[in-house]
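Chemist: What follows is work-v1.txt, made up of compact mmCIF, C-alpha atoms:
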# COMPACT_ATOMS: atom_id res chain seq x y z
CA MET A 20 161.60 78.67 158.65
CA LYS A 21 158.22 79.96 159.80
CA GLU A 22 155.63 80.20 157.03
CA PHE A 23 154.34 83.70 156.37
CA GLN A 24 150.59 84.35 156.35
CA MET A 25 149.40 87.48 154.61
CA ARG A 26 146.21 89.03 156.02
CA ILE A 27 143.92 90.84 153.59
CA PRO A 28 141.16 92.66 155.49
CA HIS A 29 137.62 91.96 154.24
CA ASP A 30 136.97 95.70 153.91
CA PHE A 31 139.96 95.97 151.53
CA ASN A 32 139.52 98.85 149.09
CA VAL A 33 141.64 99.32 145.96
CA GLU A 34 141.05 103.08 145.70
CA GLU A 35 142.03 103.65 149.34
CA ARG A 36 145.35 101.87 148.75
CA VAL A 37 146.05 103.89 145.59
CA THR A 38 145.26 107.11 147.45
CA LYS A 39 147.43 106.07 150.40
CA ALA A 40 150.40 105.34 148.10
CA LYS A 41 150.07 108.74 146.42
CA GLU A 42 149.77 110.48 149.78
CA ASN A 43 152.89 108.67 150.97
CA PHE A 44 154.79 110.06 147.99
CA LYS A 45 153.48 113.58 148.59
CA ALA A 46 154.59 113.23 152.22
CA GLY A 47 158.19 112.77 151.03
CA PHE A 48 158.62 109.01 150.86
CA ASN A 49 160.41 107.62 147.82
CA CYS A 50 158.46 105.67 145.17
CA CYS A 51 159.23 102.23 146.61
CA GLN A 52 158.44 103.31 150.16
CA SER A 53 155.19 104.88 148.99
CA VAL A 54 153.97 101.60 147.53
CA ILE A 55 155.11 99.28 150.32
CA LEU A 56 153.74 101.61 153.02
CA ALA A 57 150.33 101.40 151.35
CA PHE A 58 150.31 97.65 152.06
CA ASN A 59 152.55 97.14 155.10
CA ASP A 60 149.58 96.16 157.27
CA ILE A 61 148.86 93.27 154.92
CA ALA A 62 152.55 92.34 154.85
CA GLY A 63 152.64 92.36 158.65
CA MET A 64 155.28 95.07 158.93
CA ASP A 65 155.20 98.22 161.00
CA ASP A 66 155.80 101.56 159.28
CA ALA A 67 159.46 101.75 160.34
CA ALA A 68 160.29 98.27 159.02
CA ALA A 69 158.47 98.89 155.73
CA ALA A 70 160.14 102.29 155.23
CA THR A 71 163.55 100.87 156.14
CA ILE A 72 163.50 97.81 153.88
CA SER A 73 162.35 99.90 150.91
CA SER A 74 164.51 102.98 151.51
CA GLY A 75 167.30 102.20 149.05
CA PHE A 76 165.04 101.65 146.05
CA GLY A 77 164.08 105.29 145.45
CA GLY A 78 165.25 107.05 142.31
CA GLY A 79 165.52 103.78 140.44
CA MET A 80 167.74 102.24 143.14
CA GLY A 81 169.62 104.97 144.98
CA ARG A 82 169.11 107.53 142.18
CA LEU A 83 170.82 105.27 139.66
CA ARG A 84 167.66 105.69 137.54
CA GLU A 85 167.37 101.99 136.84
CA VAL A 86 164.22 100.01 137.77
CA CYS A 87 161.49 102.42 138.90
CA GLY A 88 161.12 102.44 142.66
CA SER A 89 157.38 101.85 142.42
CA VAL A 90 158.09 98.68 140.41
CA SER A 91 160.53 97.65 143.14
CA GLY A 92 157.71 98.22 145.62
CA MET A 93 155.51 95.85 143.63
CA THR A 94 158.35 93.34 143.59
CA LEU A 95 158.68 93.52 147.37
CA MET A 96 154.93 92.96 147.67
CA ALA A 97 155.18 89.96 145.33
CA GLY A 98 157.39 88.38 147.97
CA PHE A 99 154.55 88.66 150.49
CA ILE A 100 151.81 87.63 148.07
CA SER A 101 153.69 84.66 146.65
CA PRO A 102 156.55 83.91 149.06
CA ALA A 103 159.54 81.85 147.98
CA CYS A 104 161.27 81.22 151.30
CA ASN A 105 162.70 77.78 150.62
CA PRO A 106 165.57 78.00 148.13
CA SER A 107 165.06 74.40 147.04
CA ASP A 108 161.34 74.84 146.28
CA LYS A 109 161.40 75.57 142.56
CA THR A 110 157.60 75.74 142.39
CA GLU A 111 157.49 78.60 144.92
CA ARG A 112 160.27 80.46 143.18
CA THR A 113 158.62 80.02 139.79
CA ALA A 114 155.30 81.35 141.14
CA ASN A 115 157.05 84.34 142.73
CA TYR A 116 158.97 85.19 139.56
CA ALA A 117 155.80 84.79 137.48
CA LEU A 118 154.02 87.31 139.72
CA VAL A 119 156.94 89.75 139.51
CA GLN A 120 156.89 89.44 135.72
CA ASP A 121 153.11 89.91 135.64
CA PHE A 122 153.35 93.06 137.76
CA ALA A 123 156.21 94.46 135.66
CA ASN A 124 154.47 93.64 132.37
CA LYS A 125 151.25 95.36 133.49
CA PHE A 126 153.22 98.44 134.53
CA LYS A 127 155.17 98.46 131.26
CA GLU A 128 151.98 98.04 129.23
CA ILE A 129 150.56 101.18 130.85
CA ASN A 130 153.76 103.27 130.96
CA GLY A 131 156.00 101.93 128.18
CA SER A 132 158.89 101.09 130.48
CA ILE A 133 159.86 100.02 133.99
CA VAL A 134 163.10 102.03 133.90
CA CYS A 135 163.15 105.21 136.00
CA ARG A 136 165.28 107.29 133.60
CA GLU A 137 163.00 106.43 130.67
CA LEU A 138 159.86 107.19 132.67
CA LEU A 139 161.35 110.57 133.62
CA GLY A 140 162.38 111.32 130.03
CA LEU A 141 166.09 111.33 130.84
CA SER A 142 167.61 110.16 127.57
CA VAL A 143 171.23 110.30 128.60
CA ARG A 144 172.53 108.00 131.29
CA LYS A 145 174.64 110.11 133.59
CA SER A 146 175.79 109.91 137.16
CA GLU A 147 173.60 111.74 139.60
CA SER A 148 174.35 112.88 143.08
CA PRO A 149 173.00 110.53 145.74
CA GLU A 150 171.34 113.56 147.34
CA PRO A 151 167.54 113.39 146.93
CA SER A 152 165.83 116.22 145.08
CA GLU A 153 164.08 118.88 147.13
CA ARG A 154 160.35 118.23 147.17
CA THR A 155 159.00 121.55 145.92
CA ALA A 156 155.82 122.43 144.01
CA GLU A 157 157.94 122.50 140.83
CA TYR A 158 159.32 119.02 141.58
CA TYR A 159 155.83 117.57 141.88
CA LYS A 160 154.70 119.40 138.72
CA LYS A 161 157.41 118.00 136.47
CA ARG A 162 157.60 114.44 137.83
CA PRO A 163 155.20 111.62 136.92
CA CYS A 164 156.20 109.75 140.08
CA GLU A 165 153.00 110.32 142.04
CA GLU A 166 150.97 108.85 139.19
CA LEU A 167 153.43 105.96 138.74
CA VAL A 168 153.20 105.16 142.44
CA GLY A 169 149.42 105.10 142.10
CA ILE A 170 149.59 102.77 139.10
CA SER A 171 151.87 100.35 140.96
CA ALA A 172 149.63 100.43 144.03
CA ARG A 173 146.59 99.73 141.83
CA ILE A 174 148.28 96.72 140.22
CA VAL A 175 149.13 95.25 143.65
CA ALA A 176 145.72 96.13 145.11
CA GLU A 177 143.85 94.52 142.22
CA LYS A 178 145.88 91.34 142.72
CA LEU A 179 145.09 91.35 146.44
CA GLN A 180 141.42 91.97 145.71
CA SER A 181 141.35 88.98 143.35
CA LEU A 182 142.94 86.81 146.05
CA LEU A 183 140.34 87.99 148.54
CA ARG A 184 137.55 87.08 146.11
CA LYS A 185 139.04 83.61 145.61
CA GLU A 186 139.29 83.19 149.39
CA ASP A 187 135.63 84.20 149.80
CA GLU A 188 134.55 81.76 147.08
CA ALA A 189 136.37 78.85 148.74
Please express the file's structure as structure tokens.

Modeler:
Amino acid sequence: MKEFQMRIPHDFNVEERVTKAKENFKAGFNCCQSVILAFNDIAGMDDAAAATISSGFGGGMGRLREVCGSVSGMTLMAGFISPACNPSDKTERTANYALVQDFANKFKEINGSIVCRELLGLSVRKSESPEPSERTAEYYKKRPCEELVGISARIVAEKLQSLLRKEDEA
């Protein structure tokens, strides 16, 4: 299997990535898509591939209200930052899982949970229609999703920035 090489541009800017993720959400992308599309250039994916691979993670995985889509976006990015492509390489897998846990723990520390329904204040677990909500002014007013997307993008961007610094020091 070909080894993946992530490319972090030297003019990388955390705030630009956070803004891009929030703008993606306001443009109608789901939470996971919003995060991954803020970094797809670094991951080496075009917009269509990034939007496609992350499309089912919105609404806490297809509106199941489980793991927040923005956390899923961070998890997808963890695969690019710390790839675990060889199933027999326990060291790679351990590093990948450690990064996923680090991302999730940082998000949970800030927000209290990584679960979509809890973040939205939905106390009762109930079945929801698979139909996405209409993106109206009222929708954006009552949902914390834009801010959550920004938080996830910041966590990923800060990790990438630290990797860039280490690369520059080497």

Chemist: Report, in Å to a single decimal, how far apart atom CA of Thr155 of chain A and atom CA of Leu95 of chain A are.

Modeler: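 Distance between the two atoms: 28.1 Å.
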
Chemist: Take atom CA of Arg136 of chain A and atom CA of Asn115 of chain A and report the distance between them in Å, one decimal.

Modeler: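 Separating atom CA of Arg136 of chain A from atom CA of Asn115 of chain A is a distance of 26.0 Å.
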
Chemist: Which distance in Å separates atom CA of Glu35 of chain A and atom CA of Gly140 of chain A, to one decimal?

Modeler: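 These two atoms are separated by 29.1 Å.
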
Chemist: Select, from A:Glu42, A:Asp30, A:Glu111, A:Glu177, the residue with the minimum atom-to-atom distance to Met93 of chain A, counting all atoms listed in the file.

Modeler: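 Counting all atoms listed in the file, the residue closest to Met93 of chain A is A:Glu177.
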
Chemist: Neighbours of Val90 of chain A within 8 Å (only C-alpha atoms; same-chain residues fewer than 6 positions away dropped), as a list in words?

Modeler: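 Neighbouring residues, sequence-local ones excluded: Cys51, Phe122, Ala123, Phe126, Ile133 and Ser171 of chain A.
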
Chemist: Would you output that residue set with C-alpha atoms, as a compact mmCIF listing (two decimals), in the coordinates of the input?

Modeler:
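That gives us out33.txt:
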# COMPACT_ATOMS: atom_id res chain seq x y z
CA CYS A 51 159.23 102.23 146.61
CA PHE A 122 153.35 93.06 137.76
CA ALA A 123 156.21 94.46 135.66
CA PHE A 126 153.22 98.44 134.53
CA ILE A 133 159.86 100.02 133.99
CA SER A 171 151.87 100.35 140.96

Chemist: Between A:Ile27, A:Cys164, A:Ile72, A:Met80, which has the minimum distance to Glu147 of chain A (counting all atoms listed in the file)?

Modeler: A:Met80

Chemist: Using all atoms listed in the file for the distances, tell me which of A:Phe99, A:Phe76, A:Tyr159, A:Phe31 is nearest to Ser53 of chain A.

Modeler: A:Phe76

Chemist: What's around Pro163 of chain A at 9 Å? Count only C-alpha atoms, leave out sequence neighbours fewer than 5 positions away in its own chain, and write the answer as a list in words.

Modeler: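 Once the adjacent positions are removed, what remains is Leu138, Leu139 and Val168 of chain A.
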
Chemist: Which polymer residues, whether protein, DNA or RNA, lie within 12 Å of the coordinate (150.6, 106.3, 139.4) when you count all atoms listed in the file? List them as a PyMOL selection string, using the chain letters and numbers from the file.

Modeler: chain A and resi 34+36-42+44+50-51+53-54+87-90+126+129-130+138+162-175

Chemist: Dump as a ChimeraX atom specification all residues having an atom at most 9 Å from (155.9, 89.7, 140.1), computed in the file's coordinates with all atoms listed in the file.

Modeler: /A:93-98,101,114-124

Chemist: Return the single residue from A:Ser91, A:Gly131, A:Lys160, A:Thr113 that is closest to Lys45 of chain A, with distances computed using all atoms listed in the file.

Modeler: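 Checking each candidate against Lys45 of chain A, we get A:Lys160 as the closest.
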
Chemist: Pick the closest to Ala176 of chain A from A:Ser148, A:Ile55, A:Leu141, A:Ala103: which is it, counting only C-alpha atoms?

Modeler: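 Closest residue, counting only C-alpha atoms: A:Ile55.
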
Chemist: When distances are computed from all atoms listed in the file, which of A:Arg184, A:Arg26, A:Arg84, A:Arg112 shows the smallest separation from Asn59 of chain A?

Modeler: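 Counting all atoms listed in the file, the residue closest to Asn59 of chain A is A:Arg26.
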